[in-house]
$ cat data_27.cif   # mmCIF, C-alpha atoms and all ligand atoms; chains and numbers go by the auth columns
data_data
loop_
_atom_site.group_PDB
_atom_site.id
_atom_site.type_symbol
_atom_site.label_atom_id
_atom_site.label_comp_id
_atom_site.label_asym_id
_atom_site.label_seq_id
_atom_site.Cartn_x
_atom_site.Cartn_y
_atom_site.Cartn_z
_atom_site.B_iso_or_equiv
_atom_site.auth_seq_id
_atom_site.auth_asym_id
ATOM 1 C CA MET A 1 -8.411 -1.714 9.778 0.00 1 A
ATOM 2 C CA ILE A 2 -8.972 -0.952 6.112 0.00 2 A
ATOM 3 C CA THR A 3 -12.259 -2.075 4.590 0.00 3 A
ATOM 4 C CA ASN A 4 -12.675 -2.332 0.844 0.00 4 A
ATOM 5 C CA THR A 5 -16.149 -0.850 0.971 0.00 5 A
ATOM 6 C CA SER A 6 -17.003 -1.252 -2.700 0.00 6 A
ATOM 7 C CA GLY A 7 -14.606 -4.057 -3.540 0.00 7 A
ATOM 8 C CA GLU A 8 -11.776 -4.046 -6.093 0.00 8 A
ATOM 9 C CA GLN A 9 -10.256 -0.847 -4.717 0.00 9 A
ATOM 10 C CA VAL A 10 -6.483 -0.806 -4.386 0.00 10 A
ATOM 11 C CA VAL A 11 -5.025 1.113 -1.448 0.00 11 A
ATOM 12 C CA ASP A 12 -1.428 2.312 -1.441 0.00 12 A
ATOM 13 C CA ALA A 13 -0.090 2.234 2.107 0.00 13 A
ATOM 14 C CA TRP A 14 3.074 3.386 3.844 0.00 14 A
ATOM 15 C CA ALA A 15 4.229 3.546 7.428 0.00 15 A
ATOM 16 C CA LEU A 16 6.868 5.903 8.799 0.00 16 A
ATOM 17 C CA ALA A 17 8.387 5.846 12.253 0.00 17 A
ATOM 18 C CA ALA A 18 6.683 8.603 14.226 0.00 18 A
ATOM 19 C CA SER A 19 9.998 9.652 15.743 0.00 19 A
ATOM 20 C CA ASP A 20 12.056 9.480 12.560 0.00 20 A
ATOM 21 C CA SER A 21 10.570 9.727 9.069 0.00 21 A
ATOM 22 C CA ARG A 22 13.853 8.405 7.659 0.00 22 A
ATOM 23 C CA ARG A 23 12.557 4.975 8.721 0.00 23 A
ATOM 24 C CA PHE A 24 9.758 3.715 6.510 0.00 24 A
ATOM 25 C CA THR A 25 8.234 0.439 5.363 0.00 25 A
ATOM 26 C CA SER A 26 10.543 -1.166 2.846 0.00 26 A
ATOM 27 C CA ALA A 27 9.451 -3.784 0.329 0.00 27 A
ATOM 28 C CA PRO A 28 12.963 -5.180 -0.329 0.00 28 A
ATOM 29 C CA HIS A 29 13.732 -5.605 3.377 0.00 29 A
ATOM 30 C CA THR A 30 10.346 -7.281 3.809 0.00 30 A
ATOM 31 C CA TRP A 31 11.051 -9.699 0.921 0.00 31 A
ATOM 32 C CA MET A 32 14.295 -10.688 2.620 0.00 32 A
ATOM 33 C CA SER A 33 12.503 -11.356 5.891 0.00 33 A
ATOM 34 C CA THR A 34 9.470 -13.246 4.578 0.00 34 A
ATOM 35 C CA GLY A 35 11.256 -14.966 1.690 0.00 35 A
ATOM 36 C CA ARG A 36 8.609 -13.958 -0.832 0.00 36 A
ATOM 37 C CA LEU A 37 7.553 -11.011 -2.927 0.00 37 A
ATOM 38 C CA GLY A 38 3.970 -10.733 -1.717 0.00 38 A
ATOM 39 C CA LEU A 39 2.349 -10.391 1.671 0.00 39 A
ATOM 40 C CA ARG A 40 0.460 -13.037 3.634 0.00 40 A
ATOM 41 C CA LEU A 41 -1.448 -13.196 6.864 0.00 41 A
ATOM 42 C CA GLY A 42 0.958 -12.992 9.791 0.00 42 A
ATOM 43 C CA ASP A 43 3.762 -11.375 7.794 0.00 43 A
ATOM 44 C CA ASP A 44 5.666 -8.462 9.293 0.00 44 A
ATOM 45 C CA LEU A 45 6.456 -5.466 7.135 0.00 45 A
ATOM 46 C CA LEU A 46 9.972 -4.299 7.889 0.00 46 A
ATOM 47 C CA ASP A 47 11.394 -0.848 7.635 0.00 47 A
ATOM 48 C CA ASN A 48 14.589 0.130 5.841 0.00 48 A
ATOM 49 C CA THR A 49 16.587 -0.635 8.991 0.00 49 A
ATOM 50 C CA ARG A 50 15.037 -4.145 9.115 0.00 50 A
ATOM 51 C CA ARG A 51 12.863 -3.383 12.133 0.00 51 A
ATOM 52 C CA PRO A 52 9.270 -4.695 12.068 0.00 52 A
ATOM 53 C CA MET A 53 6.737 -1.901 11.661 0.00 53 A
ATOM 54 C CA LEU A 54 3.406 -3.490 10.780 0.00 54 A
ATOM 55 C CA ARG A 55 1.956 -7.004 10.931 0.00 55 A
ATOM 56 C CA LEU A 56 -0.891 -8.251 8.758 0.00 56 A
ATOM 57 C CA VAL A 57 -3.099 -9.754 11.462 0.00 57 A
ATOM 58 C CA GLU A 58 -6.410 -10.076 9.631 0.00 58 A
ATOM 59 C CA ASP A 59 -7.281 -10.475 5.987 0.00 59 A
ATOM 60 C CA THR A 60 -10.709 -11.466 4.717 0.00 60 A
ATOM 61 C CA SER A 61 -9.762 -10.756 1.079 0.00 61 A
ATOM 62 C CA PRO A 62 -8.334 -13.401 -1.284 0.00 62 A
ATOM 63 C CA GLY A 63 -4.902 -12.190 -0.124 0.00 63 A
ATOM 64 C CA ASP A 64 -3.605 -10.305 -3.136 0.00 64 A
ATOM 65 C CA HIS A 65 -1.263 -7.572 -1.918 0.00 65 A
ATOM 66 C CA ASP A 66 1.511 -6.234 -4.088 0.00 66 A
ATOM 67 C CA LEU A 67 4.955 -5.063 -3.014 0.00 67 A
ATOM 68 C CA LEU A 68 6.409 -4.557 -6.494 0.00 68 A
ATOM 69 C CA ILE A 69 4.543 -1.885 -8.437 0.00 69 A
ATOM 70 C CA PRO A 70 5.360 1.785 -7.798 0.00 70 A
ATOM 71 C CA SER A 71 2.646 4.270 -6.930 0.00 71 A
ATOM 72 C CA CYS A 72 0.826 6.000 -9.734 0.00 72 A
ATOM 73 C CA ASP A 73 2.062 9.511 -10.390 0.00 73 A
ATOM 74 C CA LEU A 74 1.535 12.263 -12.914 0.00 74 A
ATOM 75 C CA ALA A 75 4.252 10.837 -15.156 0.00 75 A
ATOM 76 C CA ARG A 76 2.333 7.548 -15.338 0.00 76 A
ATOM 77 C CA TYR A 77 -0.860 9.364 -16.308 0.00 77 A
ATOM 78 C CA ARG A 78 1.050 11.287 -18.967 0.00 78 A
ATOM 79 C CA GLN A 79 2.114 7.916 -20.427 0.00 79 A
ATOM 80 C CA LEU A 80 -1.556 6.964 -20.453 0.00 80 A
ATOM 81 C CA GLY A 81 -2.506 10.079 -22.419 0.00 81 A
ATOM 82 C CA VAL A 82 -3.728 12.404 -19.681 0.00 82 A
ATOM 83 C CA GLU A 83 -2.846 16.015 -20.505 0.00 83 A
ATOM 84 C CA GLY A 84 -4.148 17.897 -17.464 0.00 84 A
ATOM 85 C CA TYR A 85 -3.849 17.034 -13.818 0.00 85 A
ATOM 86 C CA HIS A 86 -4.895 13.606 -12.571 0.00 86 A
ATOM 87 C CA ASP A 87 -5.099 12.646 -8.928 0.00 87 A
ATOM 88 C CA ASN A 88 -2.346 10.203 -8.070 0.00 88 A
ATOM 89 C CA CYS A 89 -1.005 8.246 -5.122 0.00 89 A
ATOM 90 C CA ARG A 90 2.344 10.018 -5.119 0.00 90 A
ATOM 91 C CA ASP A 91 0.771 13.439 -4.606 0.00 91 A
ATOM 92 C CA ASN A 92 -1.699 12.008 -2.094 0.00 92 A
ATOM 93 C CA TYR A 93 1.242 10.763 -0.014 0.00 93 A
ATOM 94 C CA PHE A 94 3.038 14.099 0.094 0.00 94 A
ATOM 95 C CA GLU A 95 -0.163 16.091 0.598 0.00 95 A
ATOM 96 C CA ALA A 96 -1.163 13.880 3.533 0.00 96 A
ATOM 97 C CA LEU A 97 2.199 14.315 5.209 0.00 97 A
ATOM 98 C CA ALA A 98 2.175 18.070 4.599 0.00 98 A
ATOM 99 C CA ALA A 99 -1.313 18.325 6.081 0.00 99 A
ATOM 100 C CA ALA A 100 -0.050 16.551 9.182 0.00 100 A
ATOM 101 C CA ALA A 101 3.056 18.805 9.304 0.00 101 A
ATOM 102 C CA ILE A 102 5.335 15.780 9.021 0.00 102 A
ATOM 103 C CA ASP A 103 8.718 16.539 7.557 0.00 103 A
ATOM 104 C CA ALA A 104 9.281 13.600 5.226 0.00 104 A
ATOM 105 C CA LEU A 105 12.144 12.730 2.947 0.00 105 A
ATOM 106 C CA PRO A 106 11.594 14.122 -0.550 0.00 106 A
ATOM 107 C CA PHE A 107 11.246 10.745 -2.241 0.00 107 A
ATOM 108 C CA LEU A 108 8.379 8.300 -2.290 0.00 108 A
ATOM 109 C CA PRO A 109 9.000 4.981 -0.552 0.00 109 A
ATOM 110 C CA GLN A 110 7.770 1.843 -2.300 0.00 110 A
ATOM 111 C CA PRO A 111 4.098 1.450 -1.317 0.00 111 A
ATOM 112 C CA ILE A 112 2.346 -1.571 0.106 0.00 112 A
ATOM 113 C CA ASN A 113 -0.360 -2.014 -2.501 0.00 113 A
ATOM 114 C CA LEU A 114 -3.210 -3.536 -0.531 0.00 114 A
ATOM 115 C CA PHE A 115 -5.691 -5.586 -2.580 0.00 115 A
ATOM 116 C CA MET A 116 -3.591 -5.123 -5.742 0.00 116 A
ATOM 117 C CA ARG A 117 -3.339 -8.216 -7.894 0.00 117 A
ATOM 118 C CA VAL A 118 -0.031 -8.606 -9.689 0.00 118 A
ATOM 119 C CA PRO A 119 0.594 -12.268 -10.546 0.00 119 A
ATOM 120 C CA ILE A 120 4.192 -13.242 -11.183 0.00 120 A
ATOM 121 C CA GLY A 121 4.623 -15.577 -14.141 0.00 121 A
ATOM 122 C CA ARG A 122 6.975 -18.573 -14.196 0.00 122 A
ATOM 123 C CA ASP A 123 9.234 -16.520 -16.448 0.00 123 A
ATOM 124 C CA GLY A 124 9.242 -13.676 -13.919 0.00 124 A
ATOM 125 C CA SER A 125 6.781 -11.580 -15.881 0.00 125 A
ATOM 126 C CA LEU A 126 4.447 -9.172 -14.116 0.00 126 A
ATOM 127 C CA SER A 127 0.950 -8.093 -15.078 0.00 127 A
ATOM 128 C CA ILE A 128 -1.701 -6.023 -13.380 0.00 128 A
ATOM 129 C CA HIS A 129 -5.037 -7.825 -13.063 0.00 129 A
ATOM 130 C CA PRO A 130 -8.372 -6.604 -11.716 0.00 130 A
ATOM 131 C CA PRO A 131 -8.518 -7.086 -7.941 0.00 131 A
ATOM 132 C CA ARG A 132 -10.468 -9.982 -6.438 0.00 132 A
ATOM 133 C CA ALA A 133 -11.364 -8.131 -3.226 0.00 133 A
ATOM 134 C CA ALA A 134 -15.126 -8.189 -2.662 0.00 134 A
ATOM 135 C CA PRO A 135 -17.176 -5.410 -1.079 0.00 135 A
ATOM 136 C CA GLY A 136 -16.557 -5.488 2.649 0.00 136 A
ATOM 137 C CA ASP A 137 -13.261 -7.380 2.489 0.00 137 A
ATOM 138 C CA ARG A 138 -10.858 -5.972 5.048 0.00 138 A
ATOM 139 C CA VAL A 139 -7.306 -6.119 6.278 0.00 139 A
ATOM 140 C CA ARG A 140 -6.034 -5.240 9.719 0.00 140 A
ATOM 141 C CA LEU A 141 -2.463 -4.067 10.191 0.00 141 A
ATOM 142 C CA ARG A 142 -1.061 -4.066 13.701 0.00 142 A
ATOM 143 C CA ALA A 143 1.461 -1.379 14.505 0.00 143 A
ATOM 144 C CA LEU A 144 4.612 -2.940 15.952 0.00 144 A
ATOM 145 C CA ASP A 145 6.231 0.447 16.399 0.00 145 A
ATOM 146 C CA ASP A 146 5.054 3.999 16.953 0.00 146 A
ATOM 147 C CA VAL A 147 4.152 4.770 13.357 0.00 147 A
ATOM 148 C CA VAL A 148 2.395 7.187 11.084 0.00 148 A
ATOM 149 C CA VAL A 149 0.408 5.363 8.393 0.00 149 A
ATOM 150 C CA VAL A 150 -0.412 7.008 5.084 0.00 150 A
ATOM 151 C CA LEU A 151 -3.124 5.555 2.847 0.00 151 A
ATOM 152 C CA SER A 152 -4.163 6.472 -0.677 0.00 152 A
ATOM 153 C CA ALA A 153 -7.219 4.962 -2.337 0.00 153 A
ATOM 154 C CA CYS A 154 -5.611 4.631 -5.758 0.00 154 A
ATOM 155 C CA PRO A 155 -7.326 6.911 -8.311 0.00 155 A
ATOM 156 C CA GLN A 156 -6.132 4.854 -11.283 0.00 156 A
ATOM 157 C CA ASP A 157 -8.986 4.696 -13.798 0.00 157 A
ATOM 158 C CA LEU A 158 -7.042 4.090 -17.019 0.00 158 A
ATOM 159 C CA ALA A 159 -5.664 0.621 -16.212 0.00 159 A
ATOM 160 C CA PRO A 160 -7.290 -2.463 -14.646 0.00 160 A
ATOM 161 C CA THR A 161 -5.638 -1.691 -11.289 0.00 161 A
ATOM 162 C CA ASN A 162 -9.014 -1.002 -9.644 0.00 162 A
ATOM 163 C CA GLY A 163 -11.096 -3.278 -11.875 0.00 163 A
ATOM 164 C CA ILE A 164 -12.205 -2.964 -15.470 0.00 164 A
ATOM 165 C CA GLY A 165 -14.482 -0.015 -16.167 0.00 165 A
ATOM 166 C CA ARG A 166 -14.807 0.689 -12.486 0.00 166 A
ATOM 167 C CA ALA A 167 -14.547 4.167 -10.997 0.00 167 A
ATOM 168 C CA PRO A 168 -12.143 4.325 -8.042 0.00 168 A
ATOM 169 C CA THR A 169 -13.834 4.793 -4.684 0.00 169 A
ATOM 170 C CA GLY A 170 -12.888 5.543 -1.126 0.00 170 A
ATOM 171 C CA VAL A 171 -12.398 2.910 1.547 0.00 171 A
ATOM 172 C CA ASP A 172 -13.275 2.776 5.230 0.00 172 A
ATOM 173 C CA VAL A 173 -10.443 3.192 7.691 0.00 173 A
ATOM 174 C CA ALA A 174 -10.645 2.577 11.413 0.00 174 A
ATOM 175 C CA VAL A 175 -7.934 2.831 14.030 0.00 175 A
ATOM 176 C CA VAL A 176 -8.581 0.169 16.637 0.00 176 A
ATOM 177 C CA ASP A 177 -6.958 0.544 20.025 0.00 177 A
ATOM 178 C CA THR A 178 -5.763 -2.890 21.051 0.00 178 A
ATOM 179 C CA GLU A 179 -4.082 -1.716 24.264 0.00 179 A
ATOM 180 C CA SER A 180 -7.134 -2.850 26.164 0.00 180 A
ATOM 181 C CA ARG A 181 -7.942 -5.731 23.795 0.00 181 A
ATOM 182 C CA PRO A 182 -4.794 -7.835 23.388 0.00 182 A
HETATM 183 ZN ZN ZN B . -2.376 4.963 -7.399 0.00 201 A
#

$ encode --input "data_27.cif" --output "structure tokens"
Amino acid sequence: MITNTSGEQVVDAWALAASDSRRFTSAPHTWMSTGRLGLRLGDDLLDNTRRPMLRLVEDTSPGDHDLLIPSCDLARYRQLGVEGYHDNCRDNYFEALAAAAIDALPFLPQPINLFMRVPIGRDGSLSIHPPRAAPGDRVRLRALDDVVVVLSACPQDLAPTNGIGRAPTGVDVAVVDTESRP
């Protein structure tokens, strides 16, 4: 369960198979399965071997979740004029896995960008809009496999990713054991 405590905060999310980090949530395989580019209540997120990994079982937000935009990284902040270091989702991903002593592949899988609002125009155009998630909005992802989930509260503060003029914030995360509560 991921709660958007302050509202408007985008969360990059990934899942890896606990037994094999070469299997990870894959946006393209998920598009093929759901028949759309976004994510809706009840959708399964597939891994790169087309096995279901996570299911979106609860969503109190307006339902904007992006599967198209790559994670922010230092190169993106360089493009935006940052000269020194800037926290970024790419580094957060690798640091989290290193802290957990998980030997991951050396590339960054496409993230599931929870609460990120990226409307697709009729001409196929993409644009990043401020999120509509309100304080307290939450999503619940059910693990359909034995997975490791990595989350990064996106530190983007130079684009409207996390709202206009809004400082990125943390989110609340809870792991709910449903073994005894089907
Ligand atoms: Zn980010």

$ resolve_selection --input "data_27.cif" --expression "the PyMOL selection byres (((not hetatm)) within 10 of (chain A and resi 201))" --output "NGL selection string"
:A and (10-12 or 69-74 or 76 or 87-92 or 111 or 113 or 152-157 or 161-162 or 168)

$ closest_residue --input "data_27.cif" --among "A:Ala174, A:Val118, A:Ala13, A:Leu46" --to "A:Pro130" --atoms "all atoms listed in the file"
A:Val118

$ closest_residue --input "data_27.cif" --among "A:Arg166, A:Pro106, A:Leu68, A:Gly84" --to "A:Leu126" --atoms "all atoms listed in the file"
A:Leu68

$ atom_distance --input "data_27.cif" --atom1 "atom CA of A:Ala133" --atom2 "atom CA of A:Val176"
21.7 Å

$ resolve_selection --input "data_27.cif" --expression "the PyMOL selection byres (((chain A and resi 132) around 10) and not hetatm)" --output "PyMOL selection string"
chain A and resi 7-9+61-64+115-117+129-131+133-135+137+162-163

$ atom_distance --input "data_27.cif" --atom1 "atom CA of A:Gly165" --atom2 "atom CA of A:Leu37"
28.0 Å

$ atom_distance --input "data_27.cif" --atom1 "atom CA of A:Leu158" --atom2 "atom CA of A:Thr5"
20.8 Å

$ closest_residue --input "data_27.cif" --among "A:Leu105, A:Val175, A:Leu97, A:Ala27" --to "A:Ala143" --atoms "all atoms listed in the file"
A:Val175

$ resolve_selection --input "data_27.cif" --expression "the PyMOL selection byres (((chain A and resi 23) around 12) and not hetatm)" --output "list in words"
Trp14, Ala15, Leu16, Ala17, Ala18, Ser19, Asp20, Ser21, Arg22, Phe24, Thr25, Ser26, His29, Leu46, Asp47, Asn48, Thr49, Arg50, Arg51, Pro52, Met53, Ala104, Leu105, Pro109, Asp145, Asp146, Val147 and Val148 of chain A

$ axis_aligned_box --input "data_27.cif" --around "stretch 89-101 of chain A" --padding-each-side "5 Å" --output "JSON"
{"center_x": 0.7, "center_y": 13.5, "center_z": 2.1, "size_x": 14.8, "size_y": 20.6, "size_z": 24.4}

$ residues_around --input "data_27.cif" --residues "A:Leu54" --least-positions-apart "4" --cutoff "6 Å" --atoms "all atoms listed in the file" --output "mmCIF file with C-alpha atoms, in the coordinates of the input"
data_model
loop_
_atom_site.group_PDB
_atom_site.id
_atom_site.type_symbol
_atom_site.label_atom_id
_atom_site.label_comp_id
_atom_site.auth_asym_id
_atom_site.auth_seq_id
_atom_site.Cartn_x
_atom_site.Cartn_y
_atom_site.Cartn_z
ATOM 1 C CA ASP A 44 5.666 -8.462 9.293
ATOM 2 C CA LEU A 45 6.456 -5.466 7.135
ATOM 3 C CA LEU A 141 -2.463 -4.067 10.191
ATOM 4 C CA ARG A 142 -1.061 -4.066 13.701
ATOM 5 C CA ALA A 143 1.461 -1.379 14.505
ATOM 6 C CA LEU A 144 4.612 -2.940 15.952
#

$ residues_near_point --input "data_27.cif" --point "(-13.0, -3.5, 6.7)" --cutoff "9 Å" --atoms "only C-alpha atoms" --output "PyMOL selection string"
chain A and resi 1-5+60+136-140+171-174

$ closest_residue --input "data_27.cif" --among "A:Ala96, A:Leu41, A:Val149, A:Ala159" --to "A:His65" --atoms "all atoms listed in the file"
A:Leu41

$ closest_residue --input "data_27.cif" --among "A:Ala75, A:Gly81, A:Gly170, A:Arg40" --to "A:Glu58" --atoms "all atoms listed in the file"
A:Arg40

$ closest_residue --input "data_27.cif" --among "A:Ala99, A:Ser6, A:Ile112, A:Asp59" --to "A:Thr30" --atoms "all atoms listed in the file"
A:Ile112
